[in-house]
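Source file: target.txt (compact mmCIF, C-alpha atoms and all ligand atoms)
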```txt
# COMPACT_ATOMS: atom_id res chain seq x y z
CA MET A 280 -39.52 95.32 -90.09
CA SER A 281 -39.73 93.81 -93.56
CA MET A 282 -42.30 91.11 -94.04
CA ASN A 283 -41.16 87.70 -95.12
CA PRO A 284 -44.34 85.79 -95.84
CA HIS A 285 -44.05 82.20 -96.90
CA ARG A 286 -46.76 79.65 -97.35
CA VAL A 287 -46.54 75.93 -96.82
CA THR A 288 -49.36 73.63 -97.74
CA SER A 289 -49.35 70.08 -96.42
CA CYS A 290 -51.77 67.24 -96.94
CA ILE A 291 -51.81 65.87 -93.44
CA PRO A 292 -54.55 64.71 -91.15
CA ARG A 293 -56.02 67.32 -88.85
CA ARG A 294 -55.02 65.22 -85.84
CA SER A 295 -51.35 65.31 -86.77
CA TRP A 296 -51.22 69.04 -87.15
CA SER A 297 -53.14 69.50 -83.92
CA ALA A 298 -50.45 67.48 -82.19
CA ALA A 299 -47.73 69.55 -83.74
CA ALA A 300 -49.52 72.76 -82.84
CA ALA A 301 -49.99 71.51 -79.30
CA ALA A 302 -46.30 70.77 -79.18
CA ALA A 303 -45.52 74.30 -80.16
CA ARG A 304 -47.83 75.80 -77.58
CA CYS A 305 -46.71 73.47 -74.83
CA VAL A 306 -43.05 74.29 -74.90
CA HIS A 307 -43.60 78.03 -74.64
CA GLN A 308 -40.79 78.68 -77.08
CA PRO A 309 -42.75 79.81 -80.11
CA GLY A 310 -39.79 80.26 -82.45
CA PRO A 311 -37.87 76.97 -82.24
CA ALA A 312 -40.87 74.95 -81.19
CA PHE A 313 -42.90 76.25 -84.07
CA HIS A 314 -40.23 75.23 -86.57
CA SER A 315 -40.04 71.77 -85.01
CA ALA A 316 -43.78 71.44 -85.10
CA ALA A 317 -43.95 72.63 -88.69
CA ALA A 318 -41.18 70.23 -89.64
CA ALA A 319 -42.98 67.37 -87.95
CA ALA A 320 -46.22 68.26 -89.67
CA ALA A 321 -44.58 68.56 -93.07
CA ASN A 322 -42.76 65.23 -92.61
CA PHE A 323 -45.86 63.41 -91.44
CA LYS A 324 -46.65 60.37 -93.55
CA PHE A 325 -50.31 59.52 -93.76
CA ASN A 326 -50.95 55.97 -92.66
CA PRO A 327 -54.53 54.91 -93.38
CA SER A 328 -54.44 52.12 -90.80
CA THR A 329 -53.41 54.28 -87.89
CA SER A 330 -54.30 57.85 -88.74
CA ALA A 331 -57.42 59.93 -88.51
CA PRO A 332 -59.70 60.30 -91.60
CA PRO A 333 -57.93 62.06 -94.45
CA LEU A 334 -58.93 65.56 -93.52
CA ARG A 335 -56.69 67.98 -95.26
CA THR A 336 -54.82 70.62 -93.42
CA THR A 337 -53.51 73.82 -94.80
CA ILE A 338 -50.73 75.41 -92.89
CA VAL A 339 -50.17 79.02 -93.55
CA LEU A 340 -47.00 80.42 -92.14
CA GLN A 341 -46.85 84.15 -92.35
CA ALA A 342 -43.75 85.81 -91.02
CA ALA A 343 -44.64 89.07 -89.32
CA LEU A 344 -44.65 90.72 -85.91
CA PRO A 345 -45.36 89.65 -83.23
CA ASN A 346 -44.94 85.98 -82.29
CA THR A 347 -48.44 84.56 -82.30
CA PHE A 348 -49.94 81.26 -83.18
CA THR A 349 -53.58 80.42 -83.85
CA THR A 350 -55.46 77.40 -85.11
CA GLN A 351 -59.08 77.45 -86.19
CA PRO A 352 -61.38 74.92 -87.86
CA HIS A 353 -62.72 75.85 -91.28
CA ARG A 354 -65.08 73.35 -92.90
CA ASN A 355 -63.00 70.20 -92.87
CA LEU A 356 -59.76 72.14 -92.86
CA HIS A 357 -57.69 73.38 -90.03
CA ILE A 358 -56.23 76.76 -90.81
CA THR A 359 -53.17 77.41 -88.74
CA THR A 360 -51.56 80.78 -88.90
CA ALA A 361 -48.28 81.62 -87.30
CA LYS A 362 -47.02 85.15 -87.21
CA MET A 363 -43.36 85.21 -86.44
CA SER A 364 -40.68 87.86 -86.36
CA THR A 365 -38.40 85.53 -88.25
CA ALA A 366 -35.80 87.22 -90.40
CA PRO A 367 -34.48 85.04 -93.27
CA ASP A 368 -31.12 84.58 -91.48
CA ALA A 369 -32.78 83.55 -88.24
CA SER A 370 -34.85 81.07 -90.18
CA ALA A 371 -31.75 79.54 -91.79
CA ALA A 372 -30.06 79.30 -88.38
CA GLN A 373 -33.17 77.67 -86.97
CA GLN A 374 -33.23 75.13 -89.78
CA LEU A 375 -29.64 74.26 -88.99
CA ILE A 376 -30.52 73.71 -85.35
CA GLU A 377 -33.49 71.54 -86.28
CA LYS A 378 -31.27 69.50 -88.57
CA SER A 379 -28.73 69.05 -85.79
CA LYS A 380 -31.48 67.90 -83.40
CA PHE A 381 -32.65 65.40 -85.98
CA LEU A 382 -29.13 64.00 -86.45
CA ALA A 383 -28.69 63.65 -82.67
CA ALA A 384 -32.09 61.97 -82.38
CA ASN A 385 -31.22 59.60 -85.21
CA ARG A 386 -27.96 58.60 -83.55
CA ALA A 387 -29.49 58.19 -80.10
CA VAL A 388 -32.33 56.02 -81.40
CA THR A 389 -29.98 53.93 -83.55
CA GLU A 390 -27.70 53.24 -80.58
CA HIS A 391 -30.27 52.83 -77.82
CA LEU A 392 -33.54 51.50 -79.21
CA SER A 393 -33.28 47.74 -79.57
CA PRO A 394 -36.06 46.17 -81.70
CA THR A 395 -36.58 43.76 -78.80
CA TYR A 396 -37.64 46.58 -76.45
CA ARG A 397 -41.31 46.77 -75.54
CA HIS A 398 -41.72 49.78 -73.22
CA ILE A 399 -40.43 53.17 -74.36
CA GLY A 400 -40.60 56.51 -72.53
CA ILE A 401 -41.06 59.62 -74.68
CA GLY A 402 -40.09 63.00 -73.22
CA SER A 403 -41.26 66.52 -74.04
CA GLY A 404 -40.04 69.48 -76.07
CA SER A 405 -39.02 70.32 -79.60
CA THR A 406 -36.15 67.79 -79.82
CA VAL A 407 -38.36 64.87 -78.91
CA ILE A 408 -40.45 65.58 -82.01
CA HIS A 409 -37.43 64.39 -84.00
CA VAL A 410 -37.02 61.34 -81.77
CA VAL A 411 -40.60 60.28 -82.50
CA ASP A 412 -40.08 61.00 -86.19
CA VAL A 413 -36.98 58.77 -86.29
CA ILE A 414 -38.72 55.96 -84.39
CA SER A 415 -41.76 56.08 -86.66
CA LYS A 416 -39.49 55.66 -89.69
CA LEU A 417 -38.47 52.24 -88.31
CA GLY A 418 -41.87 50.99 -89.44
CA THR A 419 -44.71 49.18 -87.73
CA THR A 420 -42.99 45.76 -87.79
CA ILE A 421 -40.62 47.16 -85.17
CA THR A 422 -42.82 49.72 -83.42
CA GLY A 423 -46.05 47.69 -83.50
CA PRO A 424 -45.20 45.48 -80.49
CA MET A 425 -43.93 48.49 -78.51
CA THR A 426 -45.85 50.65 -76.01
CA PHE A 427 -44.91 54.30 -75.60
CA TYR A 428 -45.22 56.20 -72.29
CA PRO A 429 -45.68 59.99 -72.42
CA THR A 430 -44.34 62.66 -70.10
CA GLY A 431 -47.18 65.12 -70.63
CA ASP A 432 -49.90 66.25 -73.02
CA GLN A 433 -47.53 67.21 -75.84
CA SER A 434 -45.75 63.88 -75.79
CA ARG A 435 -49.06 61.98 -75.56
CA ASP A 436 -50.24 63.83 -78.69
CA LEU A 437 -46.99 63.03 -80.48
CA ILE A 438 -47.28 59.34 -79.62
CA GLN A 439 -50.87 59.21 -80.85
CA ALA A 440 -50.16 61.20 -84.01
CA ALA A 441 -47.38 58.74 -84.89
CA GLY A 442 -49.89 55.89 -84.52
CA PHE A 443 -47.95 54.30 -81.63
CA ARG A 444 -49.59 52.35 -78.81
CA LEU A 445 -50.00 54.63 -75.78
CA GLY A 446 -49.35 53.41 -72.25
CA TYR A 447 -49.27 55.00 -68.83
CA LEU A 448 -46.91 54.42 -65.94
CA SER A 449 -49.93 53.89 -63.72
CA ASP A 450 -50.76 50.75 -65.75
CA LEU A 451 -47.42 49.09 -64.98
CA SER A 452 -47.11 46.60 -62.17
CA PRO A 453 -44.82 47.63 -59.29
CA GLY A 454 -41.16 47.12 -60.12
CA HIS A 455 -41.80 46.90 -63.89
CA ALA A 456 -39.23 49.11 -65.63
CA LEU A 457 -39.39 50.78 -69.04
CA ASP A 458 -36.63 49.61 -71.39
CA VAL A 459 -35.52 53.10 -72.38
CA CYS A 460 -36.63 56.74 -72.18
CA PHE A 461 -35.62 59.45 -74.67
CA ASP A 462 -35.89 63.08 -73.63
CA GLY A 463 -34.42 66.52 -74.30
CA ALA A 464 -32.74 68.94 -71.88
CA ASP A 465 -32.20 72.66 -71.48
CA GLU A 466 -28.62 72.32 -70.21
CA VAL A 467 -26.19 69.45 -69.58
CA ASP A 468 -23.03 69.66 -67.44
CA PRO A 469 -19.94 67.41 -67.63
CA ALA A 470 -21.31 65.14 -64.88
CA LEU A 471 -24.51 64.70 -66.94
CA ASN A 472 -26.57 66.72 -64.51
CA LEU A 473 -29.43 68.36 -66.40
CA ILE A 474 -31.71 71.35 -66.20
CA LYS A 475 -35.12 70.45 -67.61
CA GLY A 476 -38.54 72.07 -67.57
CA GLY A 477 -37.92 74.98 -69.93
CA GLY A 478 -41.19 73.96 -71.59
CA ALA A 479 -42.98 73.47 -68.25
CA CYS A 480 -42.68 69.68 -68.30
CA LEU A 481 -40.51 68.17 -65.58
CA LEU A 482 -42.50 66.22 -63.00
CA GLN A 483 -43.80 63.57 -65.39
CA GLU A 484 -40.43 63.61 -67.18
CA LYS A 485 -38.67 62.70 -63.96
CA LEU A 486 -41.18 59.94 -63.25
CA VAL A 487 -40.77 58.41 -66.70
CA ALA A 488 -36.97 58.81 -66.80
CA THR A 489 -36.54 57.14 -63.42
CA ALA A 490 -38.95 54.38 -64.40
CA ALA A 491 -36.59 53.43 -67.24
CA ARG A 492 -33.56 51.13 -67.13
CA LYS A 493 -31.88 53.52 -69.55
CA PHE A 494 -32.46 57.26 -69.88
CA VAL A 495 -31.00 58.83 -73.03
CA CYS A 496 -30.79 62.59 -73.52
CA VAL A 497 -31.01 64.20 -76.98
CA ALA A 498 -30.12 67.86 -77.51
CA ASP A 499 -28.19 70.32 -79.65
CA SER A 500 -24.86 72.04 -79.12
CA ARG A 501 -26.40 75.04 -77.30
CA LYS A 502 -27.11 72.80 -74.32
CA ILE A 503 -23.48 71.78 -73.63
CA SER A 504 -22.28 73.48 -70.46
CA ASN A 505 -19.52 73.45 -67.85
CA HIS A 506 -21.82 74.61 -65.07
CA LEU A 507 -25.61 74.50 -64.95
CA GLY A 508 -26.95 78.04 -65.08
CA THR A 509 -24.39 79.38 -67.54
CA GLN A 510 -26.15 78.34 -70.77
CA TRP A 511 -29.75 78.16 -69.54
CA LYS A 512 -30.06 81.52 -67.83
CA LYS A 513 -33.81 81.64 -67.27
CA GLY A 514 -33.53 79.84 -63.95
CA ILE A 515 -34.19 76.41 -62.56
CA PRO A 516 -37.81 75.48 -63.26
CA ILE A 517 -39.59 74.42 -60.07
CA GLU A 518 -43.11 72.95 -60.19
CA VAL A 519 -45.12 74.31 -57.28
CA PHE A 520 -48.61 73.87 -55.85
CA PRO A 521 -50.43 77.18 -56.52
CA MET A 522 -51.32 77.88 -52.88
CA ALA A 523 -47.68 77.47 -51.83
CA VAL A 524 -46.19 79.93 -54.33
CA PRO A 525 -45.58 82.83 -51.85
CA GLN A 526 -43.94 80.52 -49.28
CA VAL A 527 -41.77 78.88 -51.92
CA LEU A 528 -40.65 82.29 -53.23
CA GLY A 529 -39.75 83.30 -49.66
CA GLU A 530 -37.75 80.11 -49.09
CA LEU A 531 -35.89 80.54 -52.39
CA GLU A 532 -34.87 84.01 -51.24
CA ARG A 533 -33.46 82.50 -48.03
CA LEU A 534 -31.52 80.00 -50.14
CA GLY A 535 -29.78 82.86 -51.94
CA ARG A 536 -31.47 82.88 -55.33
CA LEU A 537 -30.48 85.80 -57.56
CA SER A 538 -34.04 86.13 -58.85
CA ALA A 539 -37.21 84.06 -58.91
CA GLN A 540 -40.54 84.55 -60.61
CA VAL A 541 -43.73 82.72 -61.41
CA ARG A 542 -43.67 81.81 -65.10
CA SER A 543 -46.17 83.59 -67.27
CA GLY A 544 -48.37 81.67 -69.69
CA LEU A 545 -47.86 84.26 -72.43
CA PRO A 546 -47.90 84.28 -75.39
CA GLY A 547 -50.20 81.26 -75.50
CA LYS A 548 -52.21 81.93 -72.36
CA ALA A 549 -52.94 85.00 -70.27
CA GLY A 550 -52.03 84.66 -66.61
CA ALA A 551 -49.68 82.11 -65.10
CA CYS A 552 -48.31 79.12 -66.96
CA VAL A 553 -50.22 76.03 -65.79
CA THR A 554 -48.44 72.70 -66.08
CA ASP A 555 -49.96 69.43 -67.30
CA ASN A 556 -50.43 68.65 -63.60
CA GLY A 557 -52.36 71.87 -62.90
CA LEU A 558 -49.43 73.41 -61.02
CA ARG A 559 -47.31 76.56 -61.44
CA ILE A 560 -43.71 76.98 -62.49
CA VAL A 561 -41.32 79.17 -60.53
CA ASP A 562 -38.08 79.93 -62.39
CA ALA A 563 -35.29 80.52 -59.87
CA VAL A 564 -31.92 81.88 -60.97
CA PHE A 565 -28.97 80.87 -58.79
CA LYS A 566 -25.24 81.39 -59.19
CA PRO A 567 -23.83 78.77 -61.61
CA LEU A 568 -24.04 75.37 -59.95
CA LEU A 569 -20.87 73.46 -59.06
CA THR A 570 -20.32 69.73 -59.27
CA GLU A 571 -18.07 69.79 -56.17
CA LEU A 572 -18.03 72.05 -53.17
CA PRO A 573 -14.78 74.04 -52.81
CA GLU A 574 -12.76 73.05 -49.73
CA GLY A 575 -13.86 74.77 -46.57
CA LYS A 576 -17.14 75.97 -48.08
CA GLN A 577 -20.64 75.01 -47.00
CA GLU A 578 -23.62 74.41 -49.28
CA GLY A 579 -25.44 77.67 -49.94
CA GLU A 580 -22.67 79.87 -48.50
CA GLU A 581 -22.87 83.20 -50.33
CA GLY A 582 -25.49 81.67 -52.57
CA VAL A 583 -23.06 79.08 -53.97
CA TRP A 584 -24.49 75.57 -54.33
CA THR A 585 -23.54 72.28 -55.87
CA VAL A 586 -26.12 70.67 -58.14
CA ASP A 587 -26.74 67.87 -55.63
CA GLY A 588 -26.87 70.21 -52.64
CA LEU A 589 -29.41 72.56 -54.19
CA ALA A 590 -31.46 69.76 -55.74
CA ARG A 591 -31.87 68.05 -52.34
CA ARG A 592 -32.69 71.32 -50.62
CA LEU A 593 -35.31 72.40 -53.20
CA ILE A 594 -37.31 69.19 -52.97
CA GLU A 595 -37.52 69.63 -49.18
CA ILE A 596 -39.48 72.90 -49.52
CA PRO A 597 -43.13 72.27 -48.68
CA GLY A 598 -45.26 72.97 -51.75
CA VAL A 599 -42.57 71.99 -54.27
CA ALA A 600 -43.87 69.06 -56.30
CA GLU A 601 -40.61 68.63 -58.26
CA HIS A 602 -37.80 70.65 -59.77
CA GLY A 603 -35.96 70.57 -63.06
CA LEU A 604 -32.55 69.49 -61.74
CA PHE A 605 -31.89 65.92 -62.83
CA TYR A 606 -29.02 64.78 -60.63
CA GLY A 607 -27.59 61.99 -58.49
CA LYS A 608 -26.64 58.67 -60.00
CA SER A 609 -26.54 58.09 -63.74
CA GLY A 610 -28.18 55.20 -65.54
CA LEU A 611 -24.86 53.37 -65.70
CA GLU A 612 -24.49 53.50 -61.94
CA VAL A 613 -28.04 52.26 -61.33
CA GLU A 614 -28.44 49.18 -63.48
CA SER A 615 -31.99 48.45 -62.48
CA GLY A 616 -33.18 51.95 -63.43
CA GLY A 617 -34.20 54.78 -61.14
CA ALA A 618 -31.56 57.24 -62.36
CA GLN A 619 -32.31 60.88 -63.08
CA LYS A 620 -29.06 61.41 -65.01
CA PRO A 621 -28.89 59.89 -68.50
CA VAL A 622 -26.54 57.09 -69.56
CA ALA A 623 -25.56 59.31 -72.47
CA ALA A 624 -26.38 62.73 -73.94
CA TYR A 625 -26.33 63.16 -77.74
CA PHE A 626 -25.72 66.64 -79.13
CA GLY A 627 -26.30 67.69 -82.73
CA MET A 628 -23.51 70.10 -83.68
CA GLU A 629 -23.72 72.99 -86.11
CA ASP A 630 -21.27 71.33 -88.53
CA GLY A 631 -23.57 68.34 -88.96
CA SER A 632 -21.64 66.04 -86.63
CA VAL A 633 -23.00 64.47 -83.46
CA MET A 634 -21.17 64.44 -80.13
CA VAL A 635 -21.96 62.00 -77.36
CA GLN A 636 -21.27 62.61 -73.70
CA THR A 637 -20.92 59.78 -71.18
CA LEU A 638 -19.38 59.56 -67.73
CA GLU A 639 -16.66 57.16 -68.94
CA ASN A 640 -15.54 59.03 -72.07
CA GLY A 641 -16.62 62.63 -71.55
CA LEU A 642 -17.71 64.50 -74.67
CA VAL A 643 -16.53 62.78 -77.86
CA LYS A 644 -17.55 62.52 -81.50
CA ALA A 645 -20.30 59.93 -81.90
O1 LIG A 701 -40.15 71.20 -70.24
C1 LIG A 701 -39.63 70.75 -71.21
C2 LIG A 701 -38.66 69.65 -71.21
O2 LIG A 701 -37.92 69.51 -70.05
C3 LIG A 701 -37.79 69.66 -72.46
O3 LIG A 701 -37.27 68.37 -72.58
C4 LIG A 701 -36.65 70.66 -72.41
O4 LIG A 701 -37.16 71.95 -72.14
C5 LIG A 701 -35.89 70.69 -73.74
O5 LIG A 701 -36.74 71.15 -74.73
P1 LIG A 701 -36.27 71.36 -76.24
O6 LIG A 701 -35.98 70.02 -76.81
O7 LIG A 701 -37.45 72.03 -76.88
O8 LIG A 701 -35.07 72.27 -76.21
```
Please, can you express the file's structure as structure tokens?
Ligand SMILES: O=C[C@H](O)[C@H](O)[C@H](O)COP(=O)(O)O
Amino acid sequence: MSMNPHRVTSCIPRRSWSAAAAAARCVHQPGPAFHSAAAAAANFKFNPSTSAPPLRTTIVLQAALPNTFTTQPHRNLHITTAKMSTAPDASAAQQLIEKSKFLAANRAVTEHLSPTYRHIGIGSGSTVIHVVDVISKLGTTITGPMTFYPTGDQSRDLIQAAGFRLGYLSDLSPGHALDVCFDGADEVDPALNLIKGGGACLLQEKLVATAARKFVCVADSRKISNHLGTQWKKGIPIEVFPMAVPQVLGELERLGRLSAQVRSGLPGKAGACVTDNGLRIVDAVFKPLLTELPEGKQEGEEGVWTVDGLARRLIEIPGVAEHGLFYGKSGLEVESGGAQKPVAAYFGMEDGSVMVQTLENGLVKA
């Protein structure tokens, strides 16, 4: 394979790049996540009042085989080297996707983040990097009085790197709702059911989304789907207590899964992927999920499930902490919060437009 080395040098604080690098490692999608992280690092604006000391960071991106990613301290520099099998065309396509995510994030934040809001949930993944970027561009007059609630280590690092005030759900008094939560998704169906957890974050995401009065999803066109399981083919991520993994795998077989496996931590970590909660992820592939059961059919018959039917069944399995199906009522149907489905999903399209999907209007141009 021909080498395509390119070098980017950024003057950014060490802390910011660490956050971006953590983001890349966390989502276990080295290609897209790396580009998002690099974009976030390159766009970072040094703010002396909120940022770490002005340590300089050199980012060396060297395109080569295989996908690897290392960061090491060197004097007061952090040298980060990414080796990626990125052909020039793939890189251009990736840039287009990143741009579309940014446009969707921009639209979602513009339409759903009121300056009067005080408590904001921040999800996980490569798209959320753009959400945080857009919010930070609003300036400290608007973001200063706000508190931001993470959904995992990556999102906590993003919040801190942006200089935002960090809060935790555990600090809130009972019944206190977040104003809004922004998060990505791996797949979105017409009823706004989601698959999440492709980057091993789902339990804290569900807690933060359901703690918000308004959950807003931000994604790109690859996530639009008629049936969950047709676009995201790696399986439904299920977060499982380690000791229960064999029993959960056995129960998934009884439920008619096509395949199921414990997620590996590679390339970032040898052995199993360990979530921010110290648990494992089992990815279970089922037949594409329906939104309604065909007449005369039962849930699970011949391995055919509705989203709601499977979601309810999975959470009943002992040892399952949570699963990546976000289902049930949408934010519009549950005014006081508590919904797993978003009020709206914003998709950045390849042509530079943004589509928005709601229950009332379906998928329309934003
Ligand atoms: O586990 C990760 C989260 O559920 C993400 O929100 C989801 O995987 C989407 O990630 P991305 O924005 O990187 O496609």
Q | Residue nearest ligand LIG 701 (chain A) - candidates A:Ser405, A:Gln526, A:Thr426, A:Gln374, atoms counted: all atoms listed in the file | A |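 Looking at the shortest contact to ligand LIG 701 (chain A), the residue is A:Ser405.
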Q: Dump the neighbourhood of ligand LIG 701 (chain A) as number ranges by chain: all residues within 6 Å, distances computed on all atoms listed in the file.
A: A: 403-406, 462-465, 475-481
Expected answer as a CSV table (one decimal) with C-alpha atoms, in the coordinates of the input: all residues with atoms within 7 Å of (-45.0, 66.1, -78.2), only C-alpha atoms:
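This went into selection.csv:
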```csv
chain,number,residue,atom,x,y,z
A,298,ALA,CA,-50.4,67.5,-82.2
A,302,ALA,CA,-46.3,70.8,-79.2
A,403,SER,CA,-41.3,66.5,-74.0
A,404,GLY,CA,-40.0,69.5,-76.1
A,407,VAL,CA,-38.4,64.9,-78.9
A,408,ILE,CA,-40.4,65.6,-82.0
A,433,GLN,CA,-47.5,67.2,-75.8
A,434,SER,CA,-45.8,63.9,-75.8
A,435,ARG,CA,-49.1,62.0,-75.6
A,436,ASP,CA,-50.2,63.8,-78.7
A,437,LEU,CA,-47.0,63.0,-80.5
```
Q.
Calculated over only C-alpha atoms, which of the candidates A:Asp587, A:Asp458, A:Glu639, A:Glu390 has the smallest distance to A:Gly617?
A.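 Using only C-alpha atoms, the shortest distance to A:Gly617 belongs to A:Asp458.
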Spatial neighbours of stretch 489-500 of chain A, max dist 6 Å, all atoms listed in the file, sep filter under 5 positions, as a short mmCIF file (atom, residue, chain, number, x, y, z; two decimals) with C-alpha atoms, keeping the file's coordinate frame:
```cif
data_model
loop_
_atom_site.label_atom_id
_atom_site.label_comp_id
_atom_site.auth_asym_id
_atom_site.auth_seq_id
_atom_site.Cartn_x
_atom_site.Cartn_y
_atom_site.Cartn_z
CA LYS A 380 -31.48 67.90 -83.40
CA ALA A 384 -32.09 61.97 -82.38
CA ALA A 456 -39.23 49.11 -65.63
CA LEU A 457 -39.39 50.78 -69.04
CA ASP A 458 -36.63 49.61 -71.39
CA VAL A 459 -35.52 53.10 -72.38
CA CYS A 460 -36.63 56.74 -72.18
CA PHE A 461 -35.62 59.45 -74.67
CA ASP A 462 -35.89 63.08 -73.63
CA GLY A 463 -34.42 66.52 -74.30
CA GLY A 610 -28.18 55.20 -65.54
CA SER A 615 -31.99 48.45 -62.48
CA GLY A 616 -33.18 51.95 -63.43
CA GLY A 617 -34.20 54.78 -61.14
CA ALA A 618 -31.56 57.24 -62.36
CA GLN A 619 -32.31 60.88 -63.08
CA PRO A 621 -28.89 59.89 -68.50
CA VAL A 622 -26.54 57.09 -69.56
CA ALA A 623 -25.56 59.31 -72.47
CA ALA A 624 -26.38 62.73 -73.94
CA TYR A 625 -26.33 63.16 -77.74
CA PHE A 626 -25.72 66.64 -79.13
CA GLY A 627 -26.30 67.69 -82.73
CA MET A 628 -23.51 70.10 -83.68
#
```
Q | d(atom CA of A:Glu574, atom CA of A:Glu595) in Å | A | 25.0 Å
Q. By how many Å are atom CA of A:Gly418 and atom CA of A:Ser379 apart?
A. 22.6 Å
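If all atoms listed in the file are the atoms counted, then among A:Ala563, A:Val411, A:Leu482, A:Val467 the closest residue to A:Gly442 is A:Val411.
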Please rebuild stretch 558-577 of chain A with N, CA and C atoms and give the result as a tab-separated table (two decimals), keeping the file's coordinate frame.
```
chain	number	residue	atom	x	y	z
A	558	LEU	N	-50.26	72.67	-61.97
A	558	LEU	CA	-49.43	73.41	-61.02
A	558	LEU	C	-48.79	74.62	-61.69
A	559	ARG	N	-48.00	75.37	-60.92
A	559	ARG	CA	-47.31	76.56	-61.44
A	559	ARG	C	-45.82	76.25	-61.59
A	560	ILE	N	-45.17	77.09	-62.38
A	560	ILE	CA	-43.71	76.98	-62.49
A	560	ILE	C	-43.10	78.25	-61.91
A	561	VAL	N	-42.15	78.06	-61.00
A	561	VAL	CA	-41.32	79.17	-60.53
A	561	VAL	C	-39.94	78.97	-61.15
A	562	ASP	N	-39.44	80.00	-61.82
A	562	ASP	CA	-38.08	79.93	-62.39
A	562	ASP	C	-37.14	80.66	-61.45
A	563	ALA	N	-36.18	79.94	-60.88
A	563	ALA	CA	-35.29	80.52	-59.87
A	563	ALA	C	-33.85	80.53	-60.39
A	564	VAL	N	-33.31	81.74	-60.50
A	564	VAL	CA	-31.92	81.88	-60.97
A	564	VAL	C	-30.99	81.85	-59.76
A	565	PHE	N	-30.02	80.94	-59.81
A	565	PHE	CA	-28.97	80.87	-58.79
A	565	PHE	C	-27.62	81.11	-59.45
A	566	LYS	N	-26.60	81.32	-58.63
A	566	LYS	CA	-25.24	81.39	-59.19
A	566	LYS	C	-24.96	80.05	-59.88
A	567	PRO	N	-24.10	80.03	-60.90
A	567	PRO	CA	-23.83	78.77	-61.61
A	567	PRO	C	-23.55	77.64	-60.62
A	568	LEU	N	-24.13	76.48	-60.90
A	568	LEU	CA	-24.04	75.37	-59.95
A	568	LEU	C	-22.75	74.58	-60.14
A	569	LEU	N	-22.14	74.20	-59.03
A	569	LEU	CA	-20.87	73.46	-59.06
A	569	LEU	C	-21.16	71.97	-59.01
A	570	THR	N	-20.17	71.19	-59.43
A	570	THR	CA	-20.32	69.73	-59.27
A	570	THR	C	-19.63	69.28	-57.97
A	571	GLU	N	-18.70	70.10	-57.46
A	571	GLU	CA	-18.07	69.79	-56.17
A	571	GLU	C	-17.96	71.05	-55.35
A	572	LEU	N	-18.11	70.90	-54.06
A	572	LEU	CA	-18.03	72.05	-53.17
A	572	LEU	C	-16.56	72.40	-52.94
A	573	PRO	N	-16.17	73.67	-53.08
A	573	PRO	CA	-14.78	74.04	-52.81
A	573	PRO	C	-14.44	73.75	-51.34
A	574	GLU	N	-13.18	73.41	-51.10
A	574	GLU	CA	-12.76	73.05	-49.73
A	574	GLU	C	-13.08	74.17	-48.74
A	575	GLY	N	-13.59	73.79	-47.61
A	575	GLY	CA	-13.86	74.77	-46.57
A	575	GLY	C	-15.18	75.52	-46.74
A	576	LYS	N	-15.87	75.27	-47.84
A	576	LYS	CA	-17.14	75.97	-48.08
A	576	LYS	C	-18.32	75.09	-47.68
A	577	GLN	N	-19.42	75.73	-47.33
A	577	GLN	CA	-20.64	75.01	-47.00
A	577	GLN	C	-21.65	75.21	-48.14
```
